[in-house]
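Below is work_19.cif, holding mmCIF, C-alpha atoms.
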```cif
data_model
loop_
_atom_site.group_PDB
_atom_site.id
_atom_site.type_symbol
_atom_site.label_atom_id
_atom_site.label_comp_id
_atom_site.auth_asym_id
_atom_site.auth_seq_id
_atom_site.Cartn_x
_atom_site.Cartn_y
_atom_site.Cartn_z
ATOM 1 C CA MET A 1 0.000 0.000 0.000
ATOM 2 C CA ALA A 2 1.153 3.528 -0.794
ATOM 3 C CA ARG A 3 0.382 4.843 2.681
ATOM 4 C CA GLY A 4 2.668 2.266 4.233
ATOM 5 C CA ARG A 5 5.472 3.226 1.906
ATOM 6 C CA VAL A 6 4.905 6.905 2.688
ATOM 7 C CA ALA A 7 5.257 6.208 6.390
ATOM 8 C CA LYS A 8 8.609 4.532 5.756
ATOM 9 C CA LEU A 9 9.752 7.547 3.761
ATOM 10 C CA ALA A 10 8.697 10.118 6.371
ATOM 11 C CA GLY A 11 12.236 10.844 7.492
ATOM 12 C CA ALA A 12 13.451 11.369 3.948
ATOM 13 C CA GLN A 13 10.523 13.676 3.189
ATOM 14 C CA LEU A 14 11.190 15.843 6.206
ATOM 15 C CA LEU A 15 14.814 16.163 5.187
ATOM 16 C CA LEU A 16 13.745 17.267 1.725
ATOM 17 C CA ILE A 17 11.406 19.896 3.146
ATOM 18 C CA GLY A 18 13.900 21.220 5.657
ATOM 19 C CA ALA A 19 17.611 20.648 5.172
ATOM 20 C CA LEU A 20 17.642 20.196 1.423
ATOM 21 C CA GLY A 21 15.056 22.830 0.451
ATOM 22 C CA ILE A 22 13.737 23.293 -3.052
ATOM 23 C CA ALA A 23 16.177 26.064 -3.931
ATOM 24 C CA GLN A 24 19.135 23.863 -3.088
ATOM 25 C CA ALA A 25 17.616 21.071 -5.128
ATOM 26 C CA HIS A 26 17.678 23.369 -8.135
ATOM 27 C CA SER A 27 21.402 23.966 -7.779
ATOM 28 C CA HIS A 28 22.511 20.463 -6.791
ATOM 29 C CA HIS A 29 20.454 18.337 -9.157
ATOM 30 C CA ARG A 30 19.823 18.432 -12.857
ATOM 31 C CA VAL A 31 16.548 20.124 -13.764
ATOM 32 C CA HIS A 32 15.069 18.941 -17.046
ATOM 33 C CA THR A 33 14.126 21.677 -19.496
ATOM 34 C CA VAL A 34 11.295 21.868 -22.005
ATOM 35 C CA ALA A 35 13.481 20.242 -24.652
ATOM 36 C CA ASP A 36 13.920 16.963 -22.804
ATOM 37 C CA GLY A 37 10.908 17.221 -20.511
ATOM 38 C CA PRO A 38 7.468 15.621 -20.608
ATOM 39 C CA GLY A 39 5.931 18.261 -22.883
ATOM 40 C CA LEU A 40 3.577 19.772 -20.329
ATOM 41 C CA ARG A 41 0.857 22.270 -21.223
ATOM 42 C CA SER A 42 0.629 23.843 -17.766
ATOM 43 C CA ALA A 43 2.143 27.326 -17.422
ATOM 44 C CA SER A 44 4.009 26.395 -14.223
ATOM 45 C CA ALA A 45 5.132 22.981 -13.087
ATOM 46 C CA LEU A 46 7.417 21.176 -10.675
ATOM 47 C CA VAL A 47 8.109 17.444 -10.435
ATOM 48 C CA ILE A 48 10.110 16.106 -7.504
ATOM 49 C CA ASP A 49 11.364 12.588 -6.889
ATOM 50 C CA GLU A 50 11.197 12.511 -3.098
ATOM 51 C CA THR A 51 12.747 9.069 -2.923
ATOM 52 C CA HIS A 52 16.006 10.405 -4.368
ATOM 53 C CA SER A 53 15.586 14.031 -3.205
ATOM 54 C CA SER A 54 15.835 15.355 -6.738
ATOM 55 C CA VAL A 55 13.999 17.803 -8.979
ATOM 56 C CA LEU A 56 13.034 16.034 -12.207
ATOM 57 C CA TYR A 57 11.351 18.911 -14.001
ATOM 58 C CA SER A 58 10.812 22.604 -13.347
ATOM 59 C CA ARG A 59 9.048 25.409 -15.194
ATOM 60 C CA ASN A 60 8.439 28.788 -13.529
ATOM 61 C CA ALA A 61 8.671 26.905 -10.237
ATOM 62 C CA GLU A 62 9.769 29.934 -8.214
ATOM 63 C CA VAL A 63 7.004 32.255 -9.468
ATOM 64 C CA ALA A 64 4.064 32.879 -7.116
ATOM 65 C CA ALA A 65 0.625 32.773 -8.734
ATOM 66 C CA PRO A 66 -3.009 32.292 -7.681
ATOM 67 C CA ILE A 67 -3.575 28.698 -6.533
ATOM 68 C CA ALA A 68 -7.375 28.509 -6.172
ATOM 69 C CA SER A 69 -8.614 25.521 -4.136
ATOM 70 C CA ILE A 70 -5.145 24.067 -3.607
ATOM 71 C CA THR A 71 -5.550 26.429 -0.621
ATOM 72 C CA LYS A 72 -7.788 23.845 1.039
ATOM 73 C CA LEU A 73 -4.791 21.603 1.801
ATOM 74 C CA LEU A 74 -3.400 24.367 4.000
ATOM 75 C CA THR A 75 -6.838 24.938 5.528
ATOM 76 C CA ALA A 76 -6.950 21.256 6.521
ATOM 77 C CA LEU A 77 -3.430 21.397 7.981
ATOM 78 C CA VAL A 78 -4.255 24.427 10.137
ATOM 79 C CA ILE A 79 -7.384 22.682 11.446
ATOM 80 C CA ALA A 80 -5.306 19.574 12.177
ATOM 81 C CA ASP A 81 -2.712 21.623 14.080
ATOM 82 C CA ALA A 82 -5.464 23.015 16.324
ATOM 83 C CA HIS A 83 -6.534 19.490 17.346
ATOM 84 C CA LEU A 84 -10.200 20.449 17.078
ATOM 85 C CA PRO A 85 -12.686 17.589 17.537
ATOM 86 C CA LEU A 86 -13.673 16.064 14.209
ATOM 87 C CA ASP A 87 -17.062 15.000 15.551
ATOM 88 C CA GLU A 88 -18.120 18.525 16.588
ATOM 89 C CA ARG A 89 -21.257 19.574 14.698
ATOM 90 C CA ILE A 90 -21.010 22.731 12.577
ATOM 91 C CA GLN A 91 -23.860 24.474 10.791
ATOM 92 C CA ILE A 92 -23.542 26.115 7.384
ATOM 93 C CA THR A 93 -24.731 29.700 7.852
ATOM 94 C CA GLN A 94 -25.377 32.811 5.771
ATOM 95 C CA GLU A 95 -21.787 33.841 6.479
ATOM 96 C CA ASP A 96 -20.626 30.906 4.363
ATOM 97 C CA ARG A 97 -22.877 32.008 1.493
ATOM 98 C CA HIS A 98 -21.265 35.318 0.578
ATOM 99 C CA LEU A 99 -18.609 33.529 -1.466
ATOM 100 C CA HIS A 100 -18.006 35.188 -4.802
ATOM 101 C CA LYS A 101 -16.942 34.313 -8.361
ATOM 102 C CA GLY A 102 -20.176 32.448 -9.024
ATOM 103 C CA SER A 103 -19.085 29.567 -6.823
ATOM 104 C CA PHE A 104 -21.611 26.776 -6.490
ATOM 105 C CA SER A 105 -22.337 24.745 -3.381
ATOM 106 C CA ARG A 106 -24.564 21.753 -2.717
ATOM 107 C CA LEU A 107 -24.546 22.474 1.019
ATOM 108 C CA ALA A 108 -27.744 24.370 1.779
ATOM 109 C CA ILE A 109 -27.790 27.042 4.457
ATOM 110 C CA GLY A 110 -28.762 25.334 7.716
ATOM 111 C CA THR A 111 -27.031 22.057 6.869
ATOM 112 C CA THR A 112 -25.282 20.673 9.949
ATOM 113 C CA LEU A 113 -22.301 18.350 9.530
ATOM 114 C CA SER A 114 -19.367 17.245 11.629
ATOM 115 C CA ARG A 115 -16.042 19.034 11.309
ATOM 116 C CA GLY A 116 -14.665 15.799 9.856
ATOM 117 C CA ASP A 117 -17.389 15.807 7.190
ATOM 118 C CA LEU A 118 -16.527 19.391 6.262
ATOM 119 C CA ILE A 119 -12.817 18.570 5.920
ATOM 120 C CA HIS A 120 -13.745 15.509 3.843
ATOM 121 C CA LEU A 121 -15.897 17.531 1.441
ATOM 122 C CA ALA A 122 -13.426 20.423 1.245
ATOM 123 C CA LEU A 123 -10.555 18.142 0.252
ATOM 124 C CA MET A 124 -12.358 15.576 -1.894
ATOM 125 C CA ALA A 125 -15.075 17.627 -3.592
ATOM 126 C CA SER A 126 -13.519 21.093 -3.124
ATOM 127 C CA GLU A 127 -16.647 22.292 -1.290
ATOM 128 C CA ASN A 128 -16.229 26.016 -0.716
ATOM 129 C CA ARG A 129 -18.895 26.464 1.960
ATOM 130 C CA ALA A 130 -17.343 23.568 3.865
ATOM 131 C CA ALA A 131 -13.910 25.198 3.764
ATOM 132 C CA HIS A 132 -15.290 28.591 4.748
ATOM 133 C CA ALA A 133 -17.192 27.070 7.688
ATOM 134 C CA LEU A 134 -13.976 25.414 8.882
ATOM 135 C CA GLY A 135 -12.218 28.769 9.000
ATOM 136 C CA ARG A 136 -15.221 30.596 10.462
ATOM 137 C CA THR A 137 -15.527 28.159 13.385
ATOM 138 C CA TYR A 138 -11.800 28.139 14.164
ATOM 139 C CA PRO A 139 -11.086 29.530 17.662
ATOM 140 C CA GLY A 140 -11.146 33.293 17.140
ATOM 141 C CA GLY A 141 -12.917 32.973 13.800
ATOM 142 C CA LEU A 142 -11.496 34.044 10.440
ATOM 143 C CA ASP A 143 -9.603 36.888 12.116
ATOM 144 C CA ALA A 144 -7.481 34.217 13.802
ATOM 145 C CA PHE A 145 -7.613 31.602 11.072
ATOM 146 C CA ILE A 146 -6.080 33.675 8.265
ATOM 147 C CA PRO A 147 -2.984 34.619 10.331
ATOM 148 C CA ALA A 148 -2.714 30.950 11.339
ATOM 149 C CA MET A 149 -2.707 29.994 7.642
ATOM 150 C CA ASN A 150 0.102 32.417 6.870
ATOM 151 C CA ALA A 151 2.051 31.349 9.958
ATOM 152 C CA LYS A 152 1.759 27.699 8.915
ATOM 153 C CA ALA A 153 2.889 28.534 5.387
ATOM 154 C CA LYS A 154 5.922 30.342 6.792
ATOM 155 C CA ALA A 155 6.713 27.409 9.083
ATOM 156 C CA LEU A 156 6.667 25.092 6.069
ATOM 157 C CA GLY A 157 9.138 27.329 4.235
ATOM 158 C CA MET A 158 6.586 28.610 1.724
ATOM 159 C CA THR A 159 8.502 31.846 1.232
ATOM 160 C CA SER A 160 6.390 33.423 -1.527
ATOM 161 C CA ALA A 161 2.972 32.254 -0.299
ATOM 162 C CA HIS A 162 0.210 34.529 0.965
ATOM 163 C CA PHE A 163 -3.359 33.708 1.999
ATOM 164 C CA VAL A 164 -6.461 35.803 2.663
ATOM 165 C CA ASP A 165 -9.238 33.185 2.764
ATOM 166 C CA PRO A 166 -9.670 29.453 3.532
ATOM 167 C CA THR A 167 -11.361 28.480 0.239
ATOM 168 C CA GLY A 168 -9.031 29.691 -2.509
ATOM 169 C CA LEU A 169 -11.760 31.692 -4.234
ATOM 170 C CA SER A 170 -9.648 34.828 -3.800
ATOM 171 C CA GLU A 171 -6.955 35.463 -6.396
ATOM 172 C CA GLU A 172 -4.922 36.924 -3.528
ATOM 173 C CA ASN A 173 -4.170 33.401 -2.318
ATOM 174 C CA VAL A 174 -0.842 32.888 -4.054
ATOM 175 C CA ALA A 175 2.102 30.502 -3.906
ATOM 176 C CA SER A 176 4.818 29.161 -6.184
ATOM 177 C CA PRO A 177 5.130 25.520 -7.279
ATOM 178 C CA GLU A 178 8.150 25.298 -4.955
ATOM 179 C CA ASP A 179 5.917 26.417 -2.080
ATOM 180 C CA LEU A 180 3.185 23.966 -3.018
ATOM 181 C CA ALA A 181 5.586 21.025 -3.178
ATOM 182 C CA LYS A 182 6.364 21.700 0.481
ATOM 183 C CA LEU A 183 2.645 21.921 1.264
ATOM 184 C CA VAL A 184 1.937 18.593 -0.454
ATOM 185 C CA MET A 185 4.771 16.867 1.392
ATOM 186 C CA ALA A 186 3.523 18.208 4.722
ATOM 187 C CA ALA A 187 -0.056 17.163 3.939
ATOM 188 C CA SER A 188 1.124 13.646 3.065
ATOM 189 C CA HIS A 189 2.083 13.097 6.709
ATOM 190 C CA ASP A 190 -1.496 13.560 7.914
ATOM 191 C CA PRO A 191 -3.489 10.295 7.604
ATOM 192 C CA THR A 192 -6.837 12.108 7.625
ATOM 193 C CA ILE A 193 -5.830 14.411 4.775
ATOM 194 C CA ARG A 194 -4.459 11.457 2.810
ATOM 195 C CA GLU A 195 -7.658 9.488 3.247
ATOM 196 C CA TYR A 196 -10.120 12.294 2.606
ATOM 197 C CA SER A 197 -8.332 13.812 -0.387
ATOM 198 C CA THR A 198 -8.138 10.469 -2.194
ATOM 199 C CA ASP A 199 -11.640 9.188 -1.395
ATOM 200 C CA ARG A 200 -13.619 8.610 -4.592
ATOM 201 C CA ARG A 201 -17.056 9.570 -3.242
ATOM 202 C CA TYR A 202 -18.740 10.505 0.014
ATOM 203 C CA ALA A 203 -22.391 11.039 0.989
ATOM 204 C CA VAL A 204 -23.755 13.328 3.706
ATOM 205 C CA ALA A 205 -27.247 14.263 4.889
ATOM 206 C CA VAL A 206 -28.394 17.627 3.535
ATOM 207 C CA GLY A 207 -31.823 18.234 4.990
ATOM 208 C CA ARG A 208 -33.844 15.062 4.565
ATOM 209 C CA HIS A 209 -31.803 13.790 1.671
ATOM 210 C CA LYS A 210 -28.489 12.037 1.268
ATOM 211 C CA VAL A 211 -26.270 13.922 -1.159
ATOM 212 C CA GLU A 212 -23.320 12.148 -2.746
ATOM 213 C CA PHE A 213 -20.182 14.092 -3.569
ATOM 214 C CA ARG A 214 -17.453 12.889 -5.927
ATOM 215 C CA ASN A 215 -13.747 13.564 -6.129
ATOM 216 C CA THR A 216 -12.788 16.448 -8.399
ATOM 217 C CA ASN A 217 -9.709 14.518 -9.584
ATOM 218 C CA SER A 218 -10.627 11.803 -12.088
ATOM 219 C CA LEU A 219 -7.275 10.059 -11.586
ATOM 220 C CA VAL A 220 -8.338 9.031 -8.068
ATOM 221 C CA GLY A 221 -10.759 6.511 -9.565
ATOM 222 C CA ASN A 222 -8.175 5.126 -11.979
ATOM 223 C CA PRO A 223 -6.875 1.781 -10.637
ATOM 224 C CA THR A 224 -3.559 2.216 -12.455
ATOM 225 C CA TRP A 225 -2.692 5.236 -10.283
ATOM 226 C CA ASP A 226 -1.347 5.029 -6.735
ATOM 227 C CA ILE A 227 -2.169 8.479 -5.345
ATOM 228 C CA VAL A 228 -1.229 9.314 -1.754
ATOM 229 C CA VAL A 229 -2.599 12.860 -1.487
ATOM 230 C CA GLN A 230 -4.055 15.263 -4.039
ATOM 231 C CA LYS A 231 -5.981 18.491 -4.566
ATOM 232 C CA THR A 232 -7.429 20.261 -7.577
ATOM 233 C CA GLY A 233 -8.258 23.933 -7.983
ATOM 234 C CA TYR A 234 -9.796 26.437 -10.361
ATOM 235 C CA ILE A 235 -10.640 30.110 -10.575
ATOM 236 C CA SER A 236 -10.259 32.165 -13.731
ATOM 237 C CA GLU A 237 -7.131 33.937 -12.444
ATOM 238 C CA ALA A 238 -5.424 30.633 -11.557
ATOM 239 C CA GLY A 239 -6.560 28.407 -14.392
ATOM 240 C CA LYS A 240 -6.877 24.689 -13.737
ATOM 241 C CA CYS A 241 -4.473 23.516 -11.024
ATOM 242 C CA LEU A 242 -3.460 20.124 -9.642
ATOM 243 C CA VAL A 243 -1.066 18.951 -6.954
ATOM 244 C CA MET A 244 -0.390 15.318 -6.097
ATOM 245 C CA GLN A 245 1.906 12.958 -4.340
ATOM 246 C CA ALA A 246 1.876 9.583 -6.088
ATOM 247 C CA ILE A 247 3.903 6.395 -6.247
ATOM 248 C CA ILE A 248 5.424 5.804 -9.680
ATOM 249 C CA ASP A 249 7.671 2.769 -10.136
ATOM 250 C CA ASP A 250 8.200 2.567 -6.362
ATOM 251 C CA ARG A 251 9.255 6.214 -6.224
ATOM 252 C CA THR A 252 7.406 8.852 -4.223
ATOM 253 C CA VAL A 253 6.766 11.692 -6.659
ATOM 254 C CA VAL A 254 5.304 15.163 -6.082
ATOM 255 C CA MET A 255 3.646 16.926 -9.024
ATOM 256 C CA VAL A 256 2.592 20.578 -9.031
ATOM 257 C CA LEU A 257 0.713 21.860 -12.080
ATOM 258 C CA LEU A 258 -0.571 25.442 -12.204
ATOM 259 C CA ASN A 259 -2.530 27.404 -14.788
ATOM 260 C CA SER A 260 -3.459 24.581 -17.122
ATOM 261 C CA TYR A 261 -5.671 25.644 -20.007
ATOM 262 C CA GLY A 262 -8.537 23.432 -21.016
ATOM 263 C CA ARG A 263 -10.762 21.133 -18.998
ATOM 264 C CA TYR A 264 -8.525 18.056 -19.148
ATOM 265 C CA THR A 265 -5.055 19.573 -19.478
ATOM 266 C CA ARG A 266 -3.966 19.223 -15.856
ATOM 267 C CA THR A 267 -4.951 15.537 -15.822
ATOM 268 C CA ALA A 268 -3.295 14.957 -19.179
ATOM 269 C CA ASP A 269 -0.132 16.653 -17.891
ATOM 270 C CA ALA A 270 -0.044 14.292 -14.898
ATOM 271 C CA VAL A 271 -0.312 11.357 -17.312
ATOM 272 C CA ARG A 272 2.489 12.851 -19.439
ATOM 273 C CA ILE A 273 4.708 13.125 -16.362
ATOM 274 C CA ARG A 274 4.116 9.504 -15.441
ATOM 275 C CA ARG A 275 4.787 8.224 -18.982
ATOM 276 C CA TRP A 276 7.887 10.404 -19.227
ATOM 277 C CA MET A 277 9.215 9.083 -15.917
ATOM 278 C CA GLU A 278 8.484 5.477 -16.853
ATOM 279 C CA ALA A 279 10.240 5.953 -20.195
ATOM 280 C CA LYS A 280 13.267 7.539 -18.506
ATOM 281 C CA LEU A 281 13.469 4.743 -15.955
ATOM 282 C CA SER A 282 13.109 2.101 -18.644
ATOM 283 C CA GLU A 283 15.852 3.780 -20.684
ATOM 284 C CA HIS A 284 18.119 3.911 -17.628
ATOM 285 C CA SER A 285 17.438 0.261 -16.871
ATOM 286 C CA SER A 286 18.345 -0.728 -20.444
ATOM 287 C CA HIS A 287 21.623 1.199 -20.286
ATOM 288 C CA THR A 288 22.453 -0.381 -16.915
ATOM 289 C CA LYS A 289 21.875 -3.901 -18.258
ATOM 290 C CA ALA A 290 23.910 -3.132 -21.364
#
```
Now that the file is in, can you turn its structure into structure tokens?
Amino acid sequence: MARGRVAKLAGAQLLLIGALGIAQAHSHHRVHTVADGPGLRSASALVIDETHSSVLYSRNAEVAAPIASITKLLTALVIADAHLPLDERIQITQEDRHLHKGSFSRLAIGTTLSRGDLIHLALMASENRAAHALGRTYPGGLDAFIPAMNAKAKALGMTSAHFVDPTGLSEENVASPEDLAKLVMAASHDPTIREYSTDRRYAVAVGRHKVEFRNTNSLVGNPTWDIVVQKTGYISEAGKCLVMQAIIDDRTVVMVLLNSYGRYTRTADAVRIRRWMEAKLSEHSSHTKA
């Protein structure tokens, strides 16, 4: 199982986040360019082989940009750090409704769910009202939650990141691919975030009806993929975004894809990365045997 392998690699991951650092990885390891890379269509990208602490591919990886609902990974981490009870019941209120940019929610005002349910829906289905309610009910409310988000980002070494809301609907939530790689690696250590972000579907009671939510990442339901943690995102300023930690040929790999144009581009780019890696590894294996 991937989660078991991730646990074994925890020490190596922490070293990569801390002592090595992404900037040092750029200078100490070869970074593949567009010419010999996987031919990605995303405007910004970063691919890291955590197992060997190396950067495999980088494009605009140091440039901060809007990250949309990738934000929700940080929201979940801040909630986890506060050790708030997951079974506490939280009601969706009018305060969670003022969200902008034409965002849609299937959680009606008055719906009451557990904090665990809200985290589940925020990570798996990118539910904006769920994420907003998590921040609103944090001790001290949003006035305390937003500084906690930025403090957590700083603690993770996300040097160019800045956050103003827990959903990612604001274009002012920005980070670079280098920042987001650190966020993904940190999130991969939390078993709840791993489980919820990679769940295929989840149903909750909304009023008198059960409403089923599905994962926003189609790769989660693909049996050929071994995904440890993931999150998608979209607002017009950010384009389509995707971050993942996955196991590819027994290697723990982090992918960050920002500003992908087209409905399927971010997923197709993830597939391109995997095929490119498998081809490179196969080529290396052939040379070694020769």
May I have a table of the residues of stretch 50-81 of chain A lying at most 9 Å from stretch 148-152 of chain A, giving each one's closest pair of atoms and their distance in Å to one decimal, counting all atoms listed in the file, ordered by chain and ascending residue number, as CSV?
```
residue,atom,partner,partner_atom,distance
A:Leu74,CA,A:Met149,CA,6.7
A:Thr75,CA,A:Met149,CA,6.9
A:Leu77,CA,A:Lys152,CA,8.2
A:Val78,CA,A:Met149,CA,6.3
```
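Shortest atom-to-atom contact with A:Asp117 among A:Ser44, A:Thr167, A:Gln91, A:Thr216: A:Gln91, counting all atoms listed in the file.
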At a cut-off of 6 Å, can you tabulate as a Markdown table every residue of stretch 59-137 of chain A near stretch 175-179 of chain A together with its closest atom pair and the distance in Å to one decimal, using only C-alpha atoms and ordering rows by chain then number?
```
| residue | atom | partner | partner_atom | distance |
| --- | --- | --- | --- | --- |
| A:Ala61 | CA | A:Pro177 | CA | 4.8 |
| A:Glu62 | CA | A:Ser176 | CA | 5.4 |
| A:Val63 | CA | A:Ser176 | CA | 5.0 |
| A:Ala64 | CA | A:Ser176 | CA | 3.9 |
| A:Ala65 | CA | A:Ala175 | CA | 5.5 |
```
- Mind telling me what the PyMOL selection byres ((chain A and resi 138-147) around 12) catches here, as a ChimeraX atom specification? /A:71,74-85,88,90,95-96,115,131-137,148-154,162-168,173
- Between A:Tyr202, A:Asn259, A:Arg274, A:Arg266, smallest distance to A:Asn60 by only C-alpha atoms belongs to A:Asn259
